[in-house]
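Colleague: This is the structure, below, for whatever I ask next.
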Amino acid sequence: MFTFTPAENYLDNKTILITGASDGIGKTTALTLARFGANLILLGRDQEKLEGVYDEIEAISPGKAVIHPMDFANASFEDYKTLASSLDEHFPQLDGLIHNAALLGARTPIEFYPEQEWDRLMQVNVNAPFYLTKVLLPALTRSDDARVLFISSSVGRQGRAHWGGYAVSKFALEGLMQTLADEVCNTTSIKINSLNPGGTRTAMRRAAYPAEDPSTQPAADELMPVYHYLFSAQGGHIHGQALNARDFDPSEFQAK
Ligand code: NAP
């Protein structure tokens, strides 16, 4: 695993929104970035779980987090616009956006994939990141050094039998990342990448591999040096890339 020690409080005065912050990798990311000074906007569908994360952040750095319960499966574009306007009032600029929330969905051949589940998966894994990005781009543009990270998967880069809607949704996310990265590269300073965390000990991994011994997978904490790097000044040269946390090597990308 990649190692990197960021400067203390390198995220002071930075505001970062994380989706799916109530559990798994998203929760660990929120707690980790809070320890380094970030203001955090935590999105997730379960208010109680979000309040738990909020309380943990309050204990680390009081007054740094806000929560916005939102179920992406049912949210309309109007809900995203309302969210953006309410955030605008409190956070004039956004320095980071981490599209982390996702559903695993059925793992079954395409021929038998339930249509309604397909639609729900696309709503949560693809439409939500699109809507959120669209409404938050103005706030990201107001930052002079914003970062957007799409959390992807190995099956979003190489299709695999029975991974159905999940794999297809992650391919779509990669397409969104590449398209957006190409669009903003000459007009803004926003840096946009996707990151495949690789197998990580979470509820999603347990659901995907029920027979696996969870201790064989790294904990989400072990991914955090990669996140730190990508949100630090050092990571500012990486843009438009499909990254892997497991073999992350920033020297592959030319520093500007
Ligand atoms: P997880 O433990 O299942 O957490 C997923 C998060 O997304 C939770 O906070 C969940 O909320 C939220 N979420 C799910 N549906 C939502 C909805 N309808 N509206 C709003 N939020 C919703 O998953 P994870 O393993 O941490 O995965 C995080 C990211 O890494 C995902 O994008 C996943 O595809 C990717 N990934 C994970 C692995 C792995 O091995 N873990 C490998 C490759 C990629 P609740 O708390 O309410 O469930």
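Naming scheme: A, B, ... for chains in displayed order of the structure tokens; residues 1 onward per chain; ligands 1 onward as shown.
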Step by step, measure atom-to-atom distances between ligand 1 and each residue using only C-alpha atoms and all ligand atoms, keep those at most 6 Å, then write them as a PyMOL selection string.
Modeller: chain A and resi 20-26+44-46+70-73+100-103+124+151-153+196-205
Colleague: Can you pull out the residues contacting A:Thr82? Cut-off 12 Å, using only C-alpha atoms, and skip same-chain residues under 3 positions away; I want them as a ChimeraX atom specification.
Modeller: /A:68,70,75-79,85-89,131-132,135-136
Colleague: For those residues, write N, CA, C and O atoms to a file as a PDB file, in the first residue's frame.
Modeller:
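Listed below is the output, part.pdb:
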ATOM      1  N   HIS A  68     -26.575  15.954   5.698  1.00  0.00           N
ATOM      2  CA  HIS A  68     -27.734  16.128   4.813  1.00  0.00           C
ATOM      3  C   HIS A  68     -28.265  14.754   4.438  1.00  0.00           C
ATOM      4  O   HIS A  68     -27.814  14.152   3.471  1.00  0.00           O
ATOM      5  N   MET A  70     -30.240  12.134   2.593  1.00  0.00           N
ATOM      6  CA  MET A  70     -30.808  12.181   1.242  1.00  0.00           C
ATOM      7  C   MET A  70     -30.725  10.775   0.664  1.00  0.00           C
ATOM      8  O   MET A  70     -29.645  10.193   0.598  1.00  0.00           O
ATOM      9  N   ALA A  75     -34.437  10.661  -4.772  1.00  0.00           N
ATOM     10  CA  ALA A  75     -34.262  12.113  -4.914  1.00  0.00           C
ATOM     11  C   ALA A  75     -34.482  12.548  -6.365  1.00  0.00           C
ATOM     12  O   ALA A  75     -34.107  11.847  -7.300  1.00  0.00           O
ATOM     13  N   SER A  76     -35.092  13.727  -6.526  1.00  0.00           N
ATOM     14  CA  SER A  76     -35.302  14.293  -7.864  1.00  0.00           C
ATOM     15  C   SER A  76     -34.236  15.356  -8.107  1.00  0.00           C
ATOM     16  O   SER A  76     -33.555  15.802  -7.170  1.00  0.00           O
ATOM     17  N   PHE A  77     -34.127  15.803  -9.346  1.00  0.00           N
ATOM     18  CA  PHE A  77     -33.147  16.854  -9.644  1.00  0.00           C
ATOM     19  C   PHE A  77     -33.444  18.114  -8.827  1.00  0.00           C
ATOM     20  O   PHE A  77     -32.521  18.810  -8.402  1.00  0.00           O
ATOM     21  N   GLU A  78     -34.743  18.379  -8.551  1.00  0.00           N
ATOM     22  CA  GLU A  78     -35.124  19.545  -7.721  1.00  0.00           C
ATOM     23  C   GLU A  78     -34.481  19.435  -6.333  1.00  0.00           C
ATOM     24  O   GLU A  78     -34.043  20.428  -5.770  1.00  0.00           O
ATOM     25  N   ASP A  79     -34.443  18.214  -5.782  1.00  0.00           N
ATOM     26  CA  ASP A  79     -33.840  18.030  -4.449  1.00  0.00           C
ATOM     27  C   ASP A  79     -32.350  18.396  -4.471  1.00  0.00           C
ATOM     28  O   ASP A  79     -31.821  18.971  -3.515  1.00  0.00           O
ATOM     29  N   SER A  85     -28.488  25.108  -3.233  1.00  0.00           N
ATOM     30  CA  SER A  85     -28.772  26.474  -2.776  1.00  0.00           C
ATOM     31  C   SER A  85     -28.588  26.588  -1.275  1.00  0.00           C
ATOM     32  O   SER A  85     -28.058  27.586  -0.793  1.00  0.00           O
ATOM     33  N   SER A  86     -28.992  25.557  -0.529  1.00  0.00           N
ATOM     34  CA  SER A  86     -28.825  25.675   0.921  1.00  0.00           C
ATOM     35  C   SER A  86     -27.335  25.627   1.282  1.00  0.00           C
ATOM     36  O   SER A  86     -26.894  26.314   2.198  1.00  0.00           O
ATOM     37  N   LEU A  87     -26.548  24.853   0.550  1.00  0.00           N
ATOM     38  CA  LEU A  87     -25.100  24.818   0.842  1.00  0.00           C
ATOM     39  C   LEU A  87     -24.452  26.154   0.508  1.00  0.00           C
ATOM     40  O   LEU A  87     -23.564  26.627   1.226  1.00  0.00           O
ATOM     41  N   ASP A  88     -24.898  26.768  -0.594  1.00  0.00           N
ATOM     42  CA  ASP A  88     -24.340  28.057  -1.026  1.00  0.00           C
ATOM     43  C   ASP A  88     -24.368  29.093   0.091  1.00  0.00           C
ATOM     44  O   ASP A  88     -23.467  29.910   0.224  1.00  0.00           O
ATOM     45  N   GLU A  89     -25.452  29.019   0.904  1.00  0.00           N
ATOM     46  CA  GLU A  89     -25.606  30.024   1.969  1.00  0.00           C
ATOM     47  C   GLU A  89     -24.514  29.884   3.031  1.00  0.00           C
ATOM     48  O   GLU A  89     -24.056  30.867   3.589  1.00  0.00           O
ATOM     49  N   TYR A 131     -26.169  14.485 -11.157  1.00  0.00           N
ATOM     50  CA  TYR A 131     -26.952  15.626 -10.652  1.00  0.00           C
ATOM     51  C   TYR A 131     -26.120  16.456  -9.669  1.00  0.00           C
ATOM     52  O   TYR A 131     -26.107  17.688  -9.727  1.00  0.00           O
ATOM     53  N   LEU A 132     -25.449  15.738  -8.755  1.00  0.00           N
ATOM     54  CA  LEU A 132     -24.678  16.452  -7.731  1.00  0.00           C
ATOM     55  C   LEU A 132     -23.561  17.278  -8.358  1.00  0.00           C
ATOM     56  O   LEU A 132     -23.324  18.427  -7.991  1.00  0.00           O
ATOM     57  N   VAL A 135     -25.022  20.425 -10.110  1.00  0.00           N
ATOM     58  CA  VAL A 135     -25.448  21.542  -9.257  1.00  0.00           C
ATOM     59  C   VAL A 135     -24.299  22.118  -8.430  1.00  0.00           C
ATOM     60  O   VAL A 135     -24.376  23.263  -7.990  1.00  0.00           O
ATOM     61  N   LEU A 136     -23.235  21.337  -8.235  1.00  0.00           N
ATOM     62  CA  LEU A 136     -22.147  21.824  -7.371  1.00  0.00           C
ATOM     63  C   LEU A 136     -20.962  22.390  -8.150  1.00  0.00           C
ATOM     64  O   LEU A 136     -20.032  22.942  -7.548  1.00  0.00           O
TER      65      LEU A 136
END
Colleague: Neighbours of stretch 126-129 of chain A within 7 Å (only C-alpha atoms; same-chain residues fewer than 3 positions away dropped), as a PyMOL selection string?
Modeller: chain A and resi 72+99+122-123+132-133+169+172-173
Colleague: Pick out the closest residue to A:Lys14 from this set: A:Ala146, A:Ile98, A:Ala38, A:Met1. Count only C-alpha atoms.
Modeller: A:Ala38
Colleague: List every residue of stretch 132-199 of chain A that has an atom at most 12 Å from any atom of stretch 230-242 of chain A, and for each one report the closest atom pair and its distance in Å to one decimal, counting only C-alpha atoms, with rows sorted by chain and then by increasing residue number, as a Markdown table.
Modeller:
| residue | atom | partner | partner_atom | distance |
| --- | --- | --- | --- | --- |
| A:Asp144 | CA | A:Gly236 | CA | 11.3 |
| A:Asp145 | CA | A:Gly236 | CA | 7.9 |
| A:Ala146 | CA | A:Phe231 | CA | 8.4 |
| A:Arg147 | CA | A:Phe231 | CA | 6.5 |
| A:Val148 | CA | A:Phe231 | CA | 9.0 |
| A:Leu149 | CA | A:Leu230 | CA | 8.6 |
| A:Phe150 | CA | A:Ala242 | CA | 9.2 |
| A:Ile151 | CA | A:Ala242 | CA | 9.7 |
| A:Ser152 | CA | A:Ala242 | CA | 8.5 |
| A:Ser153 | CA | A:Ala242 | CA | 9.8 |
| A:Ser154 | CA | A:Ala242 | CA | 10.1 |
| A:Gly156 | CA | A:Ala242 | CA | 10.0 |
| A:Arg157 | CA | A:Ala242 | CA | 8.7 |
| A:Lys170 | CA | A:Ala242 | CA | 11.4 |
| A:Phe171 | CA | A:Ala242 | CA | 10.9 |
| A:Leu173 | CA | A:Ala242 | CA | 10.5 |
| A:Glu174 | CA | A:Ala242 | CA | 7.4 |
| A:Gly175 | CA | A:Ala242 | CA | 10.2 |
| A:Leu176 | CA | A:Gly240 | CA | 10.3 |
| A:Met177 | CA | A:Gly240 | CA | 6.8 |
| A:Gln178 | CA | A:Gly240 | CA | 5.6 |
| A:Thr179 | CA | A:Gly240 | CA | 8.6 |
| A:Leu180 | CA | A:Gly240 | CA | 8.3 |
| A:Ala181 | CA | A:Gly240 | CA | 5.1 |
| A:Asp182 | CA | A:Gly240 | CA | 7.2 |
| A:Glu183 | CA | A:Gly240 | CA | 10.2 |
| A:Val184 | CA | A:Gly240 | CA | 10.0 |
| A:Cys185 | CA | A:His239 | CA | 8.3 |
| A:Asn186 | CA | A:His239 | CA | 11.8 |
| A:Thr188 | CA | A:His239 | CA | 11.9 |
| A:Ser189 | CA | A:Gly236 | CA | 9.2 |
| A:Ile190 | CA | A:His239 | CA | 8.5 |
| A:Lys191 | CA | A:His239 | CA | 5.1 |
| A:Ile192 | CA | A:His239 | CA | 5.3 |
| A:Asn193 | CA | A:Gly240 | CA | 5.0 |
| A:Ser194 | CA | A:Ala242 | CA | 4.9 |
| A:Leu195 | CA | A:Ala242 | CA | 6.1 |
| A:Asn196 | CA | A:Ala242 | CA | 7.7 |
| A:Pro197 | CA | A:Ala242 | CA | 11.1 |
Colleague: Mind giving me the straight-line distance from atom CA of A:Arg120 to atom CA of A:Tyr80 in Å, one decimal?
Modeller: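 Here the two named atoms are 16.9 Å from each other.
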Colleague: With only C-alpha atoms as the atoms that count, which of A:Gly165, A:Thr5, A:Gly159, A:Asn244 lies nearest to A:Gln116?
Modeller: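 Result for the nearest residue to A:Gln116: A:Gly165.
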Colleague: Taking into account only C-alpha atoms, which residue in the set A:Thr3, A:Asn9, A:Thr187, A:Ser61 is nearest to A:Leu40?
Modeller: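 That would be A:Ser61, the residue with the smallest distance to A:Leu40.
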Colleague: Figure out the distance between atom CA of A:Ala211 and atom CA of A:Thr108, please, to one decimal in Å.
Modeller: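 Spanning atom CA of A:Thr108 to atom CA of A:Ala211 is a straight-line distance of 17.2 Å.
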Colleague: Near A:Gly164, within 12 Å and counting only C-alpha atoms, which residues show up once chain neighbours fewer than 2 positions away are dropped, as a ChimeraX atom specification?
Modeller: /A:103-115,117-119,121-122,155-156,159-162,166-171
Colleague: What does the distance between atom CA of A:Ala7 and atom CA of A:Leu223 come to in Å, to one decimal place?
Modeller: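 Computing it gives 17.2 Å between the two atoms.
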Colleague: DSSP on the backbone: what in stretch 26-177 of chain A comes out strand (DSSP E), as a list in words?
Modeller: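 DSSP on the backbone gives strand (DSSP E) at Asn39, Leu40, Ile41, Leu42, Leu43, Gly44, Ala65, Val66, Ile67, His68, Pro69, Gly96, Leu97, Ile98, His99, Arg147, Val148, Leu149, Phe150 and Ile151 of chain A.
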Colleague: Would you save the residues from that selection as a PDB file, in the first residue's frame, using C-alpha atoms?
Modeller:
ATOM      1  CA  ASN A  39     -15.169  21.171   6.997  1.00  0.00           C
ATOM      2  CA  LEU A  40     -17.364  18.270   5.952  1.00  0.00           C
ATOM      3  CA  ILE A  41     -20.760  17.989   4.343  1.00  0.00           C
ATOM      4  CA  LEU A  42     -21.936  14.429   4.923  1.00  0.00           C
ATOM      5  CA  LEU A  43     -24.583  12.904   2.667  1.00  0.00           C
ATOM      6  CA  GLY A  44     -26.231   9.548   3.197  1.00  0.00           C
ATOM      7  CA  ALA A  65     -19.456  18.817  10.008  1.00  0.00           C
ATOM      8  CA  VAL A  66     -22.984  19.165   8.702  1.00  0.00           C
ATOM      9  CA  ILE A  67     -25.235  16.295   7.671  1.00  0.00           C
ATOM     10  CA  HIS A  68     -27.734  16.128   4.813  1.00  0.00           C
ATOM     11  CA  PRO A  69     -29.804  12.946   4.817  1.00  0.00           C
ATOM     12  CA  GLY A  96     -13.770  18.727  -2.657  1.00  0.00           C
ATOM     13  CA  LEU A  97     -16.498  16.368  -3.808  1.00  0.00           C
ATOM     14  CA  ILE A  98     -16.212  12.622  -3.229  1.00  0.00           C
ATOM     15  CA  HIS A  99     -18.778  10.511  -5.066  1.00  0.00           C
ATOM     16  CA  ARG A 147     -10.742  18.121  -6.292  1.00  0.00           C
ATOM     17  CA  VAL A 148     -13.459  15.733  -7.445  1.00  0.00           C
ATOM     18  CA  LEU A 149     -13.095  12.013  -6.856  1.00  0.00           C
ATOM     19  CA  PHE A 150     -15.378   9.351  -8.336  1.00  0.00           C
ATOM     20  CA  ILE A 151     -15.103   6.105  -6.365  1.00  0.00           C
TER      21      ILE A 151
END
Colleague: Any idea what's packed within 10 Å of A:Pro92, counting only C-alpha atoms, ignoring anything in its chain fewer than 5 positions away? Could you give it as a ChimeraX atom specification?
Modeller: /A:15,87,138-140,142-143
Colleague: Since we have the selection now, will you write its residues out, keeping all heavy atoms, as a PDB file, in the first residue's frame?
Modeller:
ATOM      1  N   THR A  15     -13.585  22.868   2.353  1.00  0.00           N
ATOM      2  CA  THR A  15     -14.887  22.225   2.561  1.00  0.00           C
ATOM      3  C   THR A  15     -15.048  21.091   1.558  1.00  0.00           C
ATOM      4  O   THR A  15     -14.883  21.297   0.347  1.00  0.00           O
ATOM      5  CB  THR A  15     -16.018  23.258   2.379  1.00  0.00           C
ATOM      6  OG1 THR A  15     -15.819  24.318   3.315  1.00  0.00           O
ATOM      7  CG2 THR A  15     -17.382  22.620   2.610  1.00  0.00           C
ATOM      8  N   LEU A  87     -26.548  24.853   0.550  1.00  0.00           N
ATOM      9  CA  LEU A  87     -25.100  24.818   0.842  1.00  0.00           C
ATOM     10  C   LEU A  87     -24.452  26.154   0.508  1.00  0.00           C
ATOM     11  O   LEU A  87     -23.564  26.627   1.226  1.00  0.00           O
ATOM     12  CB  LEU A  87     -24.415  23.701   0.042  1.00  0.00           C
ATOM     13  CG  LEU A  87     -24.753  22.265   0.452  1.00  0.00           C
ATOM     14  CD1 LEU A  87     -23.993  21.270  -0.419  1.00  0.00           C
ATOM     15  CD2 LEU A  87     -24.433  22.026   1.922  1.00  0.00           C
ATOM     16  N   PRO A 138     -20.634  25.120  -9.911  1.00  0.00           N
ATOM     17  CA  PRO A 138     -20.343  26.541  -9.644  1.00  0.00           C
ATOM     18  C   PRO A 138     -19.556  26.737  -8.341  1.00  0.00           C
ATOM     19  O   PRO A 138     -18.599  27.515  -8.297  1.00  0.00           O
ATOM     20  CB  PRO A 138     -21.738  27.180  -9.573  1.00  0.00           C
ATOM     21  CG  PRO A 138     -22.607  26.272 -10.395  1.00  0.00           C
ATOM     22  CD  PRO A 138     -22.065  24.889 -10.163  1.00  0.00           C
ATOM     23  N   ALA A 139     -19.949  26.009  -7.279  1.00  0.00           N
ATOM     24  CA  ALA A 139     -19.247  26.146  -5.993  1.00  0.00           C
ATOM     25  C   ALA A 139     -17.826  25.590  -6.089  1.00  0.00           C
ATOM     26  O   ALA A 139     -16.884  26.139  -5.492  1.00  0.00           O
ATOM     27  CB  ALA A 139     -20.018  25.422  -4.897  1.00  0.00           C
ATOM     28  N   LEU A 140     -17.642  24.523  -6.860  1.00  0.00           N
ATOM     29  CA  LEU A 140     -16.294  23.954  -7.041  1.00  0.00           C
ATOM     30  C   LEU A 140     -15.421  24.928  -7.823  1.00  0.00           C
ATOM     31  O   LEU A 140     -14.219  25.069  -7.564  1.00  0.00           O
ATOM     32  CB  LEU A 140     -16.380  22.619  -7.795  1.00  0.00           C
ATOM     33  CG  LEU A 140     -16.943  21.429  -7.011  1.00  0.00           C
ATOM     34  CD1 LEU A 140     -17.397  20.325  -7.957  1.00  0.00           C
ATOM     35  CD2 LEU A 140     -15.909  20.882  -6.015  1.00  0.00           C
ATOM     36  N   ARG A 142     -15.590  28.083  -7.701  1.00  0.00           N
ATOM     37  CA  ARG A 142     -15.206  29.216  -6.846  1.00  0.00           C
ATOM     38  C   ARG A 142     -13.976  28.904  -5.986  1.00  0.00           C
ATOM     39  O   ARG A 142     -13.330  29.801  -5.476  1.00  0.00           O
ATOM     40  CB  ARG A 142     -16.386  29.639  -5.962  1.00  0.00           C
ATOM     41  CG  ARG A 142     -17.457  30.409  -6.745  1.00  0.00           C
ATOM     42  CD  ARG A 142     -18.414  31.133  -5.804  1.00  0.00           C
ATOM     43  NE  ARG A 142     -19.356  30.237  -5.163  1.00  0.00           N
ATOM     44  CZ  ARG A 142     -20.515  29.843  -5.710  1.00  0.00           C
ATOM     45  NH1 ARG A 142     -20.871  30.287  -6.891  1.00  0.00           N
ATOM     46  NH2 ARG A 142     -21.313  29.031  -5.058  1.00  0.00           N
ATOM     47  N   SER A 143     -13.648  27.613  -5.818  1.00  0.00           N
ATOM     48  CA  SER A 143     -12.417  27.255  -5.099  1.00  0.00           C
ATOM     49  C   SER A 143     -11.246  27.416  -6.074  1.00  0.00           C
ATOM     50  O   SER A 143     -11.415  27.188  -7.271  1.00  0.00           O
ATOM     51  CB  SER A 143     -12.507  25.796  -4.644  1.00  0.00           C
ATOM     52  OG  SER A 143     -11.246  25.315  -4.275  1.00  0.00           O
TER      53      SER A 143
END
Colleague: Would you return as a ChimeraX atom specification the members of stretch 89-244 of chain A that DSSP assigns to alpha helix (DSSP H) on this structure's backbone?
Modeller: /A:89-90,115-122,128-142,164-184,203-208,224-231
